[in-house]
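Here is my_file-v2.cif, consisting of mmCIF, C-alpha atoms:
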```cif
data_data
loop_
_atom_site.label_atom_id
_atom_site.label_comp_id
_atom_site.auth_asym_id
_atom_site.auth_seq_id
_atom_site.Cartn_x
_atom_site.Cartn_y
_atom_site.Cartn_z
CA MET Z 1 0.00 0.00 0.00
CA PHE Z 2 2.84 2.38 0.90
CA ARG Z 3 4.50 1.60 -2.44
CA LEU Z 4 1.26 2.37 -4.30
CA CYS Z 5 0.95 5.74 -2.52
CA ILE Z 6 4.50 6.67 -3.51
CA ILE Z 7 3.90 5.71 -7.15
CA LEU Z 8 0.64 7.68 -7.29
CA SER Z 9 2.21 10.76 -5.71
CA LEU Z 10 5.13 10.61 -8.17
CA LEU Z 11 2.69 10.35 -11.08
CA CYS Z 12 0.75 13.35 -9.79
CA CYS Z 13 3.97 15.36 -9.45
CA PHE Z 14 5.06 14.43 -12.96
CA ASN Z 15 1.69 15.34 -14.45
CA THR Z 16 1.61 18.66 -12.62
CA HIS Z 17 5.17 19.41 -13.68
CA ALA Z 18 4.53 18.45 -17.30
CA ASP Z 19 1.29 20.44 -17.55
CA ASN Z 20 2.94 23.58 -16.21
CA LYS Z 21 6.06 23.73 -18.36
CA VAL Z 22 7.02 27.33 -18.92
CA LYS Z 23 9.17 28.49 -21.80
CA ALA Z 24 11.91 31.03 -21.29
CA ASP Z 25 9.53 33.79 -22.44
CA ASP Z 26 7.06 32.79 -19.65
CA THR Z 27 4.44 31.28 -21.94
CA LYS Z 28 3.15 27.79 -21.32
CA ILE Z 29 3.59 25.15 -23.99
CA ASN Z 30 0.55 22.89 -23.96
CA VAL Z 31 -1.27 20.52 -26.27
CA VAL Z 32 -3.14 23.23 -28.17
CA ASP Z 33 0.06 25.24 -28.43
CA ILE Z 34 2.08 22.44 -30.07
CA THR Z 35 -0.62 21.97 -32.69
CA SER Z 36 -0.68 25.69 -33.47
CA LYS Z 37 3.13 25.88 -33.39
CA LEU Z 38 3.34 23.17 -36.06
CA GLN Z 39 0.78 25.06 -38.14
CA GLN Z 40 2.95 28.18 -37.94
CA LEU Z 41 5.86 26.28 -39.48
CA THR Z 42 6.23 24.98 -43.03
CA ALA Z 43 6.15 21.22 -43.57
CA LEU Z 44 9.21 20.82 -45.80
CA GLY Z 45 9.14 17.12 -46.46
CA GLN Z 46 8.33 13.65 -45.24
CA GLY Z 47 9.43 10.10 -45.71
CA THR Z 48 9.15 6.56 -44.44
CA MET Z 49 12.15 4.94 -42.77
CA LYS Z 50 12.65 1.33 -43.77
CA VAL Z 51 15.16 -1.17 -42.47
CA MET Z 52 15.49 -3.87 -45.08
CA PHE Z 53 11.85 -4.48 -46.01
CA TRP Z 54 10.30 -3.38 -42.66
CA LYS Z 55 8.71 0.03 -42.33
CA VAL Z 56 9.83 1.47 -38.99
CA TYR Z 57 8.34 4.98 -38.96
CA SER Z 58 7.22 7.87 -41.08
CA ALA Z 59 8.56 11.33 -40.32
CA GLN Z 60 7.72 14.89 -41.24
CA PHE Z 61 10.05 17.86 -40.81
CA PHE Z 62 8.89 21.44 -40.16
CA ALA Z 63 10.90 24.67 -40.39
CA GLY Z 64 10.36 28.40 -40.86
CA ASN Z 65 9.07 30.06 -44.01
CA LYS Z 66 12.58 30.46 -45.43
CA GLY Z 67 13.09 26.70 -45.57
CA TYR Z 68 15.71 24.70 -43.75
CA GLN Z 69 18.57 26.59 -42.22
CA SER Z 70 20.40 24.51 -39.62
CA THR Z 71 20.83 27.44 -37.22
CA GLN Z 72 17.35 28.97 -37.58
CA PHE Z 73 14.68 27.88 -35.11
CA PRO Z 74 11.95 26.92 -34.39
CA GLN Z 75 12.05 23.52 -36.09
CA ALA Z 76 10.05 20.36 -35.44
CA LEU Z 77 10.23 16.69 -36.29
CA LYS Z 78 7.12 14.53 -36.11
CA ILE Z 79 7.70 10.76 -36.10
CA THR Z 80 4.82 8.29 -36.39
CA TYR Z 81 5.88 4.74 -35.59
CA LEU Z 82 4.75 1.87 -37.79
CA ARG Z 83 5.67 -0.89 -35.35
CA ASP Z 84 6.02 -1.45 -31.62
CA ILE Z 85 9.39 -0.30 -30.22
CA ASP Z 86 10.60 -0.18 -26.61
CA GLY Z 87 11.72 3.22 -25.32
CA GLU Z 88 15.11 1.68 -24.47
CA ASP Z 89 15.56 0.72 -28.11
CA LEU Z 90 14.71 4.26 -29.24
CA VAL Z 91 17.34 5.66 -26.88
CA SER Z 92 19.90 3.07 -27.99
CA ALA Z 93 19.27 3.85 -31.68
CA THR Z 94 19.68 7.56 -30.92
CA ASP Z 95 23.04 6.91 -29.26
CA GLU Z 96 24.19 4.79 -32.21
CA GLN Z 97 23.37 7.62 -34.63
CA TRP Z 98 25.17 10.16 -32.45
CA GLN Z 99 28.21 7.88 -32.44
CA HIS Z 100 28.01 7.79 -36.25
CA LEU Z 101 28.03 11.62 -36.21
CA ASP Z 102 31.06 11.65 -33.86
CA ILE Z 103 29.33 13.44 -31.00
CA GLU Z 104 31.59 13.21 -27.97
CA LYS Z 105 30.87 10.42 -25.50
CA ALA Z 106 30.44 12.62 -22.38
CA ARG Z 107 27.82 14.75 -24.11
CA ARG Z 108 26.04 11.68 -25.52
CA ASN Z 109 25.95 10.04 -22.09
CA LYS Z 110 24.40 13.15 -20.54
CA TRP Z 111 21.71 13.34 -23.22
CA ILE Z 112 21.03 9.60 -23.21
CA GLY Z 113 20.38 9.83 -19.46
CA LEU Z 114 17.82 12.55 -20.12
CA LEU Z 115 16.17 10.66 -22.99
CA ASP Z 116 15.91 7.52 -20.84
CA SER Z 117 13.40 9.35 -18.66
CA ILE Z 118 11.50 10.88 -21.60
CA PHE Z 119 11.08 8.27 -24.34
CA PRO Z 120 8.08 5.96 -23.88
CA ASN Z 121 7.49 2.56 -25.40
CA VAL Z 122 5.69 3.16 -28.68
CA THR Z 123 3.15 1.08 -30.54
CA ASP Z 124 2.03 1.11 -34.16
CA GLN Z 125 0.66 4.60 -35.03
CA ASP Z 126 1.98 6.36 -31.88
CA THR Z 127 3.70 9.69 -32.57
CA ILE Z 128 6.58 11.54 -30.93
CA ILE Z 129 7.01 15.22 -31.78
CA LEU Z 130 10.18 17.17 -31.07
CA TYR Z 131 9.71 20.94 -31.12
CA VAL Z 132 12.88 23.03 -30.81
CA ASP Z 133 11.94 26.63 -29.97
CA LYS Z 134 13.72 29.88 -30.87
CA LYS Z 135 16.00 29.59 -27.84
CA GLN Z 136 16.81 26.00 -28.86
CA HIS Z 137 14.99 24.44 -25.92
CA SER Z 138 13.64 21.04 -26.88
CA TRP Z 139 10.09 19.91 -26.10
CA PHE Z 140 8.94 16.29 -26.56
CA TYR Z 141 5.30 15.38 -27.06
CA PHE Z 142 3.78 11.91 -27.22
CA GLN Z 143 0.56 11.18 -29.04
CA GLN Z 144 -1.03 7.77 -28.83
CA GLN Z 145 -3.25 6.87 -31.75
CA GLY Z 146 -6.61 8.63 -31.42
CA SER Z 147 -5.56 10.98 -28.60
CA ALA Z 148 -4.14 14.49 -28.26
CA PRO Z 149 -0.38 15.08 -27.94
CA GLN Z 150 0.89 15.29 -24.36
CA LEU Z 151 4.10 16.94 -23.19
CA ILE Z 152 6.40 14.19 -21.91
CA GLY Z 153 9.60 16.12 -21.29
CA SER Z 154 11.89 18.96 -22.19
CA ILE Z 155 15.63 19.57 -22.40
CA ASP Z 156 17.00 23.08 -21.95
CA ASP Z 157 20.50 22.36 -23.28
CA SER Z 158 20.67 24.49 -26.45
CA ALA Z 159 23.06 22.02 -28.10
CA PHE Z 160 20.67 19.07 -27.68
CA GLY Z 161 17.95 19.99 -30.23
CA PRO Z 162 20.33 20.61 -33.13
CA ALA Z 163 22.25 17.41 -32.27
CA PHE Z 164 19.04 15.37 -32.13
CA LEU Z 165 17.81 16.78 -35.44
CA SER Z 166 21.25 16.17 -36.99
CA ILE Z 167 20.52 12.44 -36.85
CA TRP Z 168 18.21 13.05 -39.81
CA LEU Z 169 19.30 16.41 -41.20
CA SER Z 170 23.11 16.47 -41.02
CA LYS Z 171 25.01 16.03 -44.26
CA GLY Z 172 26.81 13.26 -42.36
CA THR Z 173 23.59 11.35 -41.58
CA SER Z 174 23.60 7.60 -42.10
CA ARG Z 175 20.49 8.00 -44.29
CA PRO Z 176 21.15 10.71 -46.93
CA LYS Z 177 18.17 9.73 -49.12
CA PHE Z 178 15.85 10.05 -46.12
CA ARG Z 179 17.40 13.45 -45.35
CA ARG Z 180 16.56 14.65 -48.85
CA LYS Z 181 12.95 13.50 -48.40
CA LEU Z 182 12.61 15.36 -45.08
CA LEU Z 183 14.03 18.51 -46.63
CA GLY Z 184 11.72 18.24 -49.62
CA SER Z 185 14.66 17.37 -51.91
CA SER Z 186 15.93 20.93 -51.52
CA SER Z 187 19.39 19.88 -50.28
#
```

Can the structure from this file be put into structure tokens for me?
Amino acid sequence: MFRLCIILSLLCCFNTHADNKVKADDTKINVVDITSKLQQLTALGQGTMKVMFWKVYSAQFFAGNKGYQSTQFPQALKITYLRDIDGEDLVSATDEQWQHLDIEKARRNKWIGLLDSIFPNVTDQDTIILYVDKKQHSWFYFQQQGSAPQLIGSIDDSAFGPAFLSIWLSKGTSRPKFRRKLLGSSS
């Protein structure tokens, strides 16, 4: 019973904390806000990631009206999963891609620790949205099929968002064809 009370109180604290996230400019980011923020951006491109003959996810990339500029924010990446994947596997795949991009181990370890507490297990048709705001703070939203997106975590490290997006958008990405699709074949 004591254990159940602790778990419930932690869940309440997390929900309260997540619902009251405040951006650096003192405005709350909430479910309605993420939808309108995506509408304010331009959807540049989209594609489906395949590994061999399995479809893993589809993704859509959003940027400002001037198109993709790696140092201009806000930017967003919306990933809809096409299979069930454990959160641990998502974090592990992220680390592998950062290794491919030669991101230093100490920085990767710090970010992986943060992502461990953010990334959920996903099922077919679940969506994770990363929104990187003008100050390069990163906001993660999770949307289960048929529900509204919910804020699941944020990372204030201004180097994180660009590094996370570089997995798909860097010229050194392991998937250059997918990069071109996300950028609308403009690069």

Hey, what's within 10 Å of Gly47 (chain Z) if we count all atoms listed in the file and toss same-chain stuff fewer than 3 positions away? As a PyMOL selection string, please?
-> chain Z and resi 50+57-61+79+177-184

Contacts of Gln97 (chain Z) at 12 Å or less, counting only C-alpha atoms, minus same-chain residues fewer than 5 places along, as number ranges by chain?
-> Z: 90-92, 102-104, 108, 112, 163-170, 172-175

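Between CA of Pro120 (chain Z) and CA of Ala63 (chain Z) lies a distance of 25.1 Å.
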
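Minimum atom-to-atom distances from Z:Lys134, Z:Lys37, Z:His100, Z:Lys55 to Gln72 (chain Z) were compared using only C-alpha atoms, and the lowest value belongs to Z:Lys134.
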
Do you know which residues are at most 12 Å from Leu41 (chain Z) counting all atoms listed in the file, after dropping those on the same chain fewer than 5 positions away, and could you put them as a ChimeraX atom specification?
-> /Z:34-36,60-68,72-77,131-133

Close residues, Ile85 (chain Z) itself excluded, 12 Å, all atoms listed in the file, min 2 positions apart in chain, as a list in words |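 In the requested format, the answer is Val56, Tyr57, Thr80, Tyr81, Leu82, Arg83, Gly87, Glu88, Asp89, Leu90, Val91, Ser92, Ala93, Phe119, Pro120, Asn121, Val122, Thr123, Asp124, Gln125, Asp126 and Thr127 of chain Z.
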
Around region 136-145 of chain Z, fit a box with edges along x, y and z, padding it by 8 Å on each side, then list its centre and edge lengths in Å to one decimal as lines of an AutoDock Vina configuration file.
```
center_x = 6.8
center_y = 16.4
center_z = -28.8
size_x = 36.1
size_y = 35.1
size_z = 21.8
```

Since the input lacks atoms, please generate N, CA and C atoms for region 106-136 of chain Z and provide them as a compact mmCIF listing (two decimals), in the coordinates of the input.
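Okay, part15.txt is ready:
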```
# COMPACT_ATOMS: atom_id res chain seq x y z
N ALA Z 106 30.96 12.00 -23.61
CA ALA Z 106 30.44 12.62 -22.38
C ALA Z 106 29.12 13.33 -22.65
N ARG Z 107 29.05 14.04 -23.75
CA ARG Z 107 27.82 14.75 -24.11
C ARG Z 107 26.71 13.75 -24.43
N ARG Z 108 27.03 12.72 -25.20
CA ARG Z 108 26.04 11.68 -25.52
C ARG Z 108 25.50 11.05 -24.25
N ASN Z 109 26.39 10.69 -23.33
CA ASN Z 109 25.95 10.04 -22.09
C ASN Z 109 25.00 10.92 -21.30
N LYS Z 110 25.28 12.21 -21.24
CA LYS Z 110 24.40 13.15 -20.54
C LYS Z 110 23.01 13.15 -21.19
N TRP Z 111 22.98 13.28 -22.51
CA TRP Z 111 21.71 13.34 -23.22
C TRP Z 111 20.96 12.02 -23.18
N ILE Z 112 21.68 10.91 -23.27
CA ILE Z 112 21.03 9.60 -23.21
C ILE Z 112 20.34 9.42 -21.85
N GLY Z 113 21.00 9.89 -20.79
CA GLY Z 113 20.38 9.83 -19.46
C GLY Z 113 19.07 10.61 -19.42
N LEU Z 114 19.04 11.75 -20.08
CA LEU Z 114 17.82 12.55 -20.12
C LEU Z 114 16.74 11.86 -20.96
N LEU Z 115 17.14 11.33 -22.11
CA LEU Z 115 16.17 10.66 -22.99
C LEU Z 115 15.60 9.40 -22.36
N ASP Z 116 16.39 8.72 -21.54
CA ASP Z 116 15.91 7.52 -20.84
C ASP Z 116 14.64 7.82 -20.06
N SER Z 117 14.57 9.01 -19.48
CA SER Z 117 13.40 9.35 -18.66
C SER Z 117 12.27 9.96 -19.49
N ILE Z 118 12.52 10.24 -20.76
CA ILE Z 118 11.50 10.88 -21.60
C ILE Z 118 10.84 9.89 -22.56
N PHE Z 119 11.63 9.10 -23.27
CA PHE Z 119 11.08 8.27 -24.34
C PHE Z 119 10.21 7.14 -23.79
N PRO Z 120 8.97 7.06 -24.27
CA PRO Z 120 8.08 5.96 -23.88
C PRO Z 120 8.26 4.77 -24.82
N ASN Z 121 7.66 3.66 -24.45
CA ASN Z 121 7.49 2.56 -25.40
C ASN Z 121 6.45 3.04 -26.40
N VAL Z 122 6.65 2.75 -27.67
CA VAL Z 122 5.69 3.16 -28.68
C VAL Z 122 5.06 1.93 -29.33
N THR Z 123 3.84 2.12 -29.79
CA THR Z 123 3.15 1.08 -30.54
C THR Z 123 2.80 1.63 -31.92
N ASP Z 124 2.38 0.75 -32.80
CA ASP Z 124 2.03 1.11 -34.16
C ASP Z 124 1.07 2.30 -34.16
N GLN Z 125 1.42 3.36 -34.86
CA GLN Z 125 0.66 4.60 -35.03
C GLN Z 125 0.81 5.61 -33.89
N ASP Z 126 1.65 5.35 -32.89
CA ASP Z 126 1.98 6.36 -31.88
C ASP Z 126 2.93 7.38 -32.51
N THR Z 127 2.89 8.61 -32.01
CA THR Z 127 3.70 9.69 -32.57
C THR Z 127 4.50 10.38 -31.47
N ILE Z 128 5.76 10.69 -31.77
CA ILE Z 128 6.58 11.54 -30.93
C ILE Z 128 6.92 12.78 -31.75
N ILE Z 129 6.70 13.95 -31.14
CA ILE Z 129 7.01 15.22 -31.78
C ILE Z 129 8.11 15.90 -30.99
N LEU Z 130 9.15 16.33 -31.67
CA LEU Z 130 10.18 17.17 -31.07
C LEU Z 130 9.98 18.57 -31.63
N TYR Z 131 9.81 19.53 -30.73
CA TYR Z 131 9.71 20.94 -31.12
C TYR Z 131 10.89 21.66 -30.48
N VAL Z 132 11.74 22.27 -31.30
CA VAL Z 132 12.88 23.03 -30.81
C VAL Z 132 12.53 24.51 -31.01
N ASP Z 133 12.39 25.24 -29.90
CA ASP Z 133 11.94 26.63 -29.97
C ASP Z 133 13.06 27.59 -30.37
N LYS Z 134 12.75 28.87 -30.42
CA LYS Z 134 13.72 29.88 -30.87
C LYS Z 134 14.97 29.92 -30.03
N LYS Z 135 14.84 29.59 -28.74
CA LYS Z 135 16.00 29.59 -27.84
C LYS Z 135 16.69 28.23 -27.80
N GLN Z 136 16.27 27.35 -28.71
CA GLN Z 136 16.81 26.00 -28.86
C GLN Z 136 16.55 25.12 -27.64
```
